[in-house]
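**Student:** Structure in structure tokens, see below.
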Amino acid sequence: MKKIISNKNNLQVLFEDNHIIAINKRCGDIIQGDKTGDKPLSEIVKSFLKAKYSKPGNVYLGIPHRLDRPTSGVVLFAKTSKSLSRLNKIFKEGEVQKYYWAITKNKPEKPEDTLIHWLRKSEKTNKSTHFKKETIRAKKAVLHYKVLKKLERYFVIEIELVTGRHHQIRCQLKAIGCPIKGDLKYGYDRSNDDGGIDLHAKKIIFEHPVNGKKIIIDAPVRDTKIWNATK
């Protein structure tokens, strides 16, 4: 694994080769452009690659997966169309292991468990609603969790995503009475100072899209008091 690299765009490059690049996304960054007009992370990474390799024309960068804006952690980009098509396939087929850390005020009833719900997304509110059994227009959502650590006033929960639904972790943790710290949309009582939520995409494990080698990318947590306490 290559050493983390920082640069003037405040990028943390977790891994890079000829085919892929992984970034430790900051809370508040958007992956792709949206109606806010804020510069997306994808464009920042393109600028970084253009400068690093002195590329004369446009830089290719594919986006095989995304993280919510208030979430931090590892984001993978494809540097070639070949790697993008293969990454799209393994993400779609659930062949990427995805681990998240969440900070909650409440402790789950069980120290570890598998959660199964059906989630329905509302385009109007950009929010998902959970149901305990199969429901019209709702998609099955599955995750595994375990409580990793007790902090002074909070709990650190590790989540392994089995499916990848809209706001899945946020919605399912709310469903068991454990909304994520700072997540007003899903039931937490106070916002965080930075407007984000304490959810971090900690690690992904997958087969390299070109050479087939096992790749493990681990994203260091944010440098804040509460996240430093998780180490």
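By convention in this document, the chains of the structure tokens carry letters A, B, ... by their order, each chain's residues are numbered from 1, and ligands are numbered from 1 in the order they are shown.
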According to DSSP computed on the backbone, where in segment 9-221 of chain A is there strand (DSSP E)? Give the residues as a tab-separated table (two decimals) with N, CA and C atoms, in the first residue's frame.
**Tutor:**
```
chain	number	residue	atom	x	y	z
A	12	GLN	N	-6.25	13.61	0.33
A	12	GLN	CA	-5.48	12.50	0.90
A	12	GLN	C	-5.60	11.36	-0.08
A	13	VAL	N	-4.51	11.07	-0.78
A	13	VAL	CA	-4.49	9.97	-1.73
A	13	VAL	C	-4.11	8.71	-0.96
A	14	LEU	N	-5.04	7.77	-0.88
A	14	LEU	CA	-4.81	6.55	-0.12
A	14	LEU	C	-4.14	5.46	-0.95
A	15	PHE	N	-4.41	5.46	-2.24
A	15	PHE	CA	-3.85	4.46	-3.14
A	15	PHE	C	-3.92	5.01	-4.56
A	16	GLU	N	-2.91	4.71	-5.36
A	16	GLU	CA	-2.95	5.09	-6.77
A	16	GLU	C	-2.05	4.19	-7.58
A	20	ILE	N	-6.49	2.99	-11.04
A	20	ILE	CA	-7.42	3.49	-10.03
A	20	ILE	C	-6.73	4.48	-9.10
A	21	ILE	N	-7.56	5.30	-8.45
A	21	ILE	CA	-7.06	6.20	-7.41
A	21	ILE	C	-8.12	6.26	-6.31
A	22	ALA	N	-7.68	6.16	-5.07
A	22	ALA	CA	-8.59	6.20	-3.92
A	22	ALA	C	-8.27	7.42	-3.07
A	23	ILE	N	-9.31	8.14	-2.69
A	23	ILE	CA	-9.18	9.38	-1.93
A	23	ILE	C	-9.90	9.25	-0.60
A	24	ASN	N	-9.34	9.85	0.44
A	24	ASN	CA	-10.03	9.95	1.73
A	24	ASN	C	-10.87	11.22	1.71
A	25	LYS	N	-12.14	11.06	1.38
A	25	LYS	CA	-13.04	12.20	1.22
A	25	LYS	C	-13.30	12.91	2.55
A	72	SER	N	-17.62	11.04	5.46
A	72	SER	CA	-16.22	11.07	5.07
A	72	SER	C	-15.76	9.65	4.74
A	73	GLY	N	-14.53	9.53	4.22
A	73	GLY	CA	-13.94	8.21	4.04
A	73	GLY	C	-13.54	7.88	2.62
A	74	VAL	N	-13.23	6.61	2.41
A	74	VAL	CA	-12.61	6.18	1.16
A	74	VAL	C	-13.58	6.21	-0.02
A	75	VAL	N	-13.12	6.87	-1.09
A	75	VAL	CA	-13.85	6.92	-2.36
A	75	VAL	C	-12.91	6.45	-3.45
A	76	LEU	N	-13.39	5.56	-4.28
A	76	LEU	CA	-12.58	4.99	-5.35
A	76	LEU	C	-12.98	5.61	-6.69
A	77	PHE	N	-11.96	5.99	-7.48
A	77	PHE	CA	-12.19	6.50	-8.83
A	77	PHE	C	-11.42	5.64	-9.83
A	78	ALA	N	-11.93	5.58	-11.05
A	78	ALA	CA	-11.27	4.83	-12.13
A	78	ALA	C	-10.52	5.81	-13.03
A	97	GLN	N	-16.19	-5.49	-0.52
A	97	GLN	CA	-16.50	-5.44	0.91
A	97	GLN	C	-16.34	-3.99	1.39
A	98	LYS	N	-17.39	-3.46	2.01
A	98	LYS	CA	-17.40	-2.06	2.44
A	98	LYS	C	-17.66	-1.98	3.94
A	99	TYR	N	-16.74	-1.34	4.64
A	99	TYR	CA	-16.85	-1.20	6.10
A	99	TYR	C	-16.92	0.28	6.48
A	100	TYR	N	-17.84	0.61	7.36
A	100	TYR	CA	-18.03	1.99	7.83
A	100	TYR	C	-17.92	2.01	9.35
A	101	TRP	N	-17.54	3.17	9.88
A	101	TRP	CA	-17.63	3.42	11.32
A	101	TRP	C	-18.63	4.53	11.54
A	102	ALA	N	-19.51	4.34	12.52
A	102	ALA	CA	-20.49	5.36	12.89
A	102	ALA	C	-20.40	5.63	14.37
A	103	ILE	N	-20.65	6.88	14.76
A	103	ILE	CA	-20.68	7.26	16.17
A	103	ILE	C	-22.13	7.57	16.54
A	104	THR	N	-22.61	6.89	17.58
A	104	THR	CA	-23.99	7.09	18.02
A	104	THR	C	-24.03	7.36	19.52
A	112	GLU	N	-23.77	-7.15	18.46
A	112	GLU	CA	-23.63	-7.32	17.01
A	112	GLU	C	-24.87	-7.99	16.46
A	113	ASP	N	-25.18	-7.70	15.20
A	113	ASP	CA	-26.42	-8.24	14.62
A	113	ASP	C	-26.42	-8.00	13.12
A	114	THR	N	-27.36	-8.63	12.44
A	114	THR	CA	-27.63	-8.38	11.03
A	114	THR	C	-28.98	-7.68	10.94
A	115	LEU	N	-29.01	-6.54	10.27
A	115	LEU	CA	-30.26	-5.79	10.11
A	115	LEU	C	-30.80	-6.00	8.70
A	116	ILE	N	-32.09	-6.31	8.63
A	116	ILE	CA	-32.76	-6.46	7.33
A	116	ILE	C	-34.01	-5.59	7.35
A	117	HIS	N	-34.07	-4.65	6.42
A	117	HIS	CA	-35.24	-3.80	6.26
A	117	HIS	C	-35.53	-3.64	4.77
A	118	TRP	N	-36.65	-3.03	4.47
A	118	TRP	CA	-36.96	-2.61	3.10
A	118	TRP	C	-37.01	-1.09	3.12
A	119	LEU	N	-36.24	-0.47	2.24
A	119	LEU	CA	-36.13	0.99	2.24
A	119	LEU	C	-36.78	1.58	0.99
A	120	ARG	N	-37.56	2.64	1.22
A	120	ARG	CA	-38.20	3.35	0.11
A	120	ARG	C	-37.66	4.78	0.08
A	121	LYS	N	-37.13	5.17	-1.05
A	121	LYS	CA	-36.56	6.51	-1.20
A	121	LYS	C	-37.61	7.49	-1.70
A	122	SER	N	-37.64	8.67	-1.09
A	122	SER	CA	-38.50	9.76	-1.57
A	122	SER	C	-37.64	10.75	-2.35
A	127	LYS	N	-34.88	11.35	1.12
A	127	LYS	CA	-34.82	10.63	2.38
A	127	LYS	C	-35.42	9.24	2.18
A	128	SER	N	-34.88	8.26	2.91
A	128	SER	CA	-35.41	6.91	2.83
A	128	SER	C	-36.23	6.57	4.07
A	129	THR	N	-37.26	5.78	3.88
A	129	THR	CA	-38.11	5.29	4.98
A	129	THR	C	-37.93	3.79	5.08
A	130	HIS	N	-37.85	3.28	6.32
A	130	HIS	CA	-37.63	1.85	6.50
A	130	HIS	C	-38.95	1.13	6.81
A	131	PHE	N	-39.02	-0.12	6.35
A	131	PHE	CA	-40.15	-1.00	6.64
A	131	PHE	C	-39.59	-2.34	7.09
A	139	LYS	N	-36.80	-1.35	-1.45
A	139	LYS	CA	-35.74	-2.29	-1.80
A	139	LYS	C	-35.16	-2.91	-0.53
A	140	LYS	N	-34.85	-4.19	-0.63
A	140	LYS	CA	-34.29	-4.90	0.52
A	140	LYS	C	-32.91	-4.34	0.87
A	141	ALA	N	-32.69	-4.10	2.16
A	141	ALA	CA	-31.42	-3.55	2.64
A	141	ALA	C	-30.89	-4.44	3.76
A	142	VAL	N	-29.62	-4.83	3.62
A	142	VAL	CA	-29.00	-5.73	4.59
A	142	VAL	C	-27.64	-5.18	5.01
A	143	LEU	N	-27.39	-5.19	6.31
A	143	LEU	CA	-26.06	-4.85	6.80
A	143	LEU	C	-25.76	-5.66	8.07
A	144	HIS	N	-24.48	-5.81	8.35
A	144	HIS	CA	-24.03	-6.39	9.61
A	144	HIS	C	-23.41	-5.28	10.43
A	145	TYR	N	-23.59	-5.32	11.74
A	145	TYR	CA	-22.92	-4.33	12.58
A	145	TYR	C	-22.36	-4.99	13.83
A	146	LYS	N	-21.40	-4.32	14.44
A	146	LYS	CA	-20.93	-4.71	15.77
A	146	LYS	C	-20.44	-3.45	16.49
A	147	VAL	N	-20.65	-3.42	17.80
A	147	VAL	CA	-20.18	-2.29	18.61
A	147	VAL	C	-18.68	-2.48	18.84
A	148	LEU	N	-17.89	-1.50	18.39
A	148	LEU	CA	-16.44	-1.60	18.51
A	148	LEU	C	-15.91	-1.07	19.83
A	149	LYS	N	-16.49	0.05	20.28
A	149	LYS	CA	-15.88	0.74	21.42
A	149	LYS	C	-16.90	1.65	22.08
A	150	LYS	N	-16.76	1.82	23.39
A	150	LYS	CA	-17.55	2.80	24.11
A	150	LYS	C	-16.65	4.00	24.39
A	155	PHE	N	-20.92	5.70	21.34
A	155	PHE	CA	-20.51	4.35	20.97
A	155	PHE	C	-20.02	4.36	19.52
A	156	VAL	N	-19.00	3.57	19.26
A	156	VAL	CA	-18.47	3.43	17.91
A	156	VAL	C	-18.97	2.10	17.36
A	157	ILE	N	-19.65	2.16	16.23
A	157	ILE	CA	-20.24	0.97	15.61
A	157	ILE	C	-19.59	0.74	14.25
A	158	GLU	N	-19.16	-0.49	14.01
A	158	GLU	CA	-18.65	-0.85	12.68
A	158	GLU	C	-19.76	-1.52	11.89
A	159	ILE	N	-19.90	-1.10	10.64
A	159	ILE	CA	-20.96	-1.62	9.77
A	159	ILE	C	-20.31	-2.23	8.54
A	160	GLU	N	-20.75	-3.44	8.19
A	160	GLU	CA	-20.40	-4.02	6.90
A	160	GLU	C	-21.65	-4.01	6.04
A	161	LEU	N	-21.58	-3.29	4.93
A	161	LEU	CA	-22.73	-3.19	4.03
A	161	LEU	C	-22.81	-4.42	3.14
A	199	LEU	N	-20.22	9.63	10.30
A	199	LEU	CA	-20.19	8.38	9.57
A	199	LEU	C	-18.99	8.41	8.64
A	200	HIS	N	-18.17	7.36	8.71
A	200	HIS	CA	-16.90	7.34	7.98
A	200	HIS	C	-16.75	6.02	7.23
A	201	ALA	N	-16.51	6.11	5.93
A	201	ALA	CA	-16.25	4.91	5.12
A	201	ALA	C	-14.82	4.47	5.40
A	202	LYS	N	-14.67	3.47	6.26
A	202	LYS	CA	-13.36	3.13	6.81
A	202	LYS	C	-12.50	2.28	5.89
A	203	LYS	N	-13.10	1.31	5.24
A	203	LYS	CA	-12.27	0.35	4.50
A	203	LYS	C	-13.05	-0.29	3.37
A	204	ILE	N	-12.36	-0.53	2.24
A	204	ILE	CA	-12.93	-1.33	1.17
A	204	ILE	C	-11.92	-2.40	0.77
A	205	ILE	N	-12.46	-3.57	0.41
A	205	ILE	CA	-11.63	-4.70	-0.02
A	205	ILE	C	-12.21	-5.22	-1.33
A	206	PHE	N	-11.36	-5.36	-2.35
A	206	PHE	CA	-11.85	-5.78	-3.65
A	206	PHE	C	-10.71	-6.34	-4.49
A	207	GLU	N	-11.08	-6.99	-5.58
A	207	GLU	CA	-10.08	-7.46	-6.54
A	207	GLU	C	-9.77	-6.33	-7.50
A	214	LYS	N	-5.75	-8.75	-4.70
A	214	LYS	CA	-6.60	-8.29	-3.62
A	214	LYS	C	-6.11	-6.93	-3.14
A	215	ILE	N	-7.00	-5.96	-3.11
A	215	ILE	CA	-6.66	-4.60	-2.67
A	215	ILE	C	-7.44	-4.28	-1.40
A	216	ILE	N	-6.73	-3.80	-0.39
A	216	ILE	CA	-7.36	-3.36	0.86
A	216	ILE	C	-7.00	-1.89	1.06
A	217	ILE	N	-8.00	-1.04	1.11
A	217	ILE	CA	-7.75	0.40	1.30
A	217	ILE	C	-8.44	0.84	2.58
A	218	ASP	N	-7.66	1.37	3.49
A	218	ASP	CA	-8.16	1.79	4.80
A	218	ASP	C	-8.00	3.31	4.93
```
**Student:** I'd like the neighbourhood of Glu109 of chain A as a VMD selection string, where a residue qualifies if any of its atoms comes within 10 Å (using only C-alpha atoms), though same-chain residues fewer than 5 positions away should be ignored.
**Tutor:** chain A and resid 176 to 178
**Student:** Now that the selection is made, can you save its residues with N, CA and C atoms as a JSON list (two decimals), in the first residue's frame?
**Tutor:**
```json
[["chain", "number", "residue", "atom", "x", "y", "z"],
["A", 176, "ILE", "N", -33.16, 1.14, 14.55],
["A", 176, "ILE", "CA", -32.94, 0.43, 15.82],
["A", 176, "ILE", "C", -32.67, 1.40, 16.97],
["A", 177, "GLY", "N", -33.03, 2.67, 16.77],
["A", 177, "GLY", "CA", -32.92, 3.66, 17.84],
["A", 177, "GLY", "C", -31.52, 4.21, 18.05],
["A", 178, "CYS", "N", -30.69, 4.13, 17.00],
["A", 178, "CYS", "CA", -29.30, 4.60, 17.12],
["A", 178, "CYS", "C", -28.94, 5.55, 15.99]]
```
**Student:** Please identify all polymer residues within 9 Å of Ile90 of chain A, counting only C-alpha atoms, omitting same-chain residues fewer than 4 positions from it, and present them as an NGL selection string.
**Tutor:** :A and (85-86 or 94-96 or 206-207 or 209)
**Student:** Between A:Lys39, A:Gly62, A:Arg190, A:Leu173, which is the closest to Thr80 of chain A once you count only C-alpha atoms?
**Tutor:** A:Gly62
**Student:** Between atom CA of Arg26 of chain A and atom CA of Cys171 of chain A, measure the distance and give it in Å to one decimal.
**Tutor:**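 Pair atom CA of Arg26 of chain A / atom CA of Cys171 of chain A returns 21.3 Å.
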**Student:** Hey, what's within 9 Å of segment 65-71 of chain A if we count only C-alpha atoms and toss same-chain stuff fewer than 6 positions away? As a ChimeraX atom specification, please?
**Tutor:** /A:25-32,77,87-88,91,167,183,195-201
**Student:** Take the residues from that selection and write them out as a PDB file, in the first residue's frame, keeping C-alpha atoms.
**Tutor:**
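Once everything was written out, this is part.pdb:
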```pdb
ATOM      1  CA  LYS A  25     -13.044  12.204   1.221  1.00  0.00           C
ATOM      2  CA  ARG A  26     -13.614  15.003   3.692  1.00  0.00           C
ATOM      3  CA  CYS A  27     -16.980  15.564   5.303  1.00  0.00           C
ATOM      4  CA  GLY A  28     -18.818  18.137   3.155  1.00  0.00           C
ATOM      5  CA  ASP A  29     -17.199  17.262  -0.176  1.00  0.00           C
ATOM      6  CA  ILE A  30     -19.526  16.252  -2.999  1.00  0.00           C
ATOM      7  CA  ILE A  31     -18.450  13.508  -5.391  1.00  0.00           C
ATOM      8  CA  GLN A  32     -20.135  14.897  -8.516  1.00  0.00           C
ATOM      9  CA  PHE A  77     -12.194   6.499  -8.825  1.00  0.00           C
ATOM     10  CA  LEU A  87     -15.403  -1.680 -11.086  1.00  0.00           C
ATOM     11  CA  ASN A  88     -19.025  -0.928 -11.987  1.00  0.00           C
ATOM     12  CA  PHE A  91     -19.840  -2.952  -7.128  1.00  0.00           C
ATOM     13  CA  HIS A 167     -28.920   6.424   2.951  1.00  0.00           C
ATOM     14  CA  ASP A 183     -27.686  13.359  11.445  1.00  0.00           C
ATOM     15  CA  GLY A 195     -22.722  20.342   9.312  1.00  0.00           C
ATOM     16  CA  GLY A 196     -21.610  16.782   8.686  1.00  0.00           C
ATOM     17  CA  ILE A 197     -22.479  13.503  10.338  1.00  0.00           C
ATOM     18  CA  ASP A 198     -20.198  11.093  12.188  1.00  0.00           C
ATOM     19  CA  LEU A 199     -20.192   8.377   9.569  1.00  0.00           C
ATOM     20  CA  HIS A 200     -16.903   7.336   7.984  1.00  0.00           C
ATOM     21  CA  ALA A 201     -16.250   4.914   5.118  1.00  0.00           C
TER      22      ALA A 201
END
```
**Student:** Rank A:Ser83, A:Tyr60, A:Asp38, A:Lys92 by their smallest atom-to-atom distance to Asn211 of chain A, using only C-alpha atoms, and report the top residue only.
**Tutor:**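 Checking each candidate against Asn211 of chain A, we get A:Ser83 as the closest.
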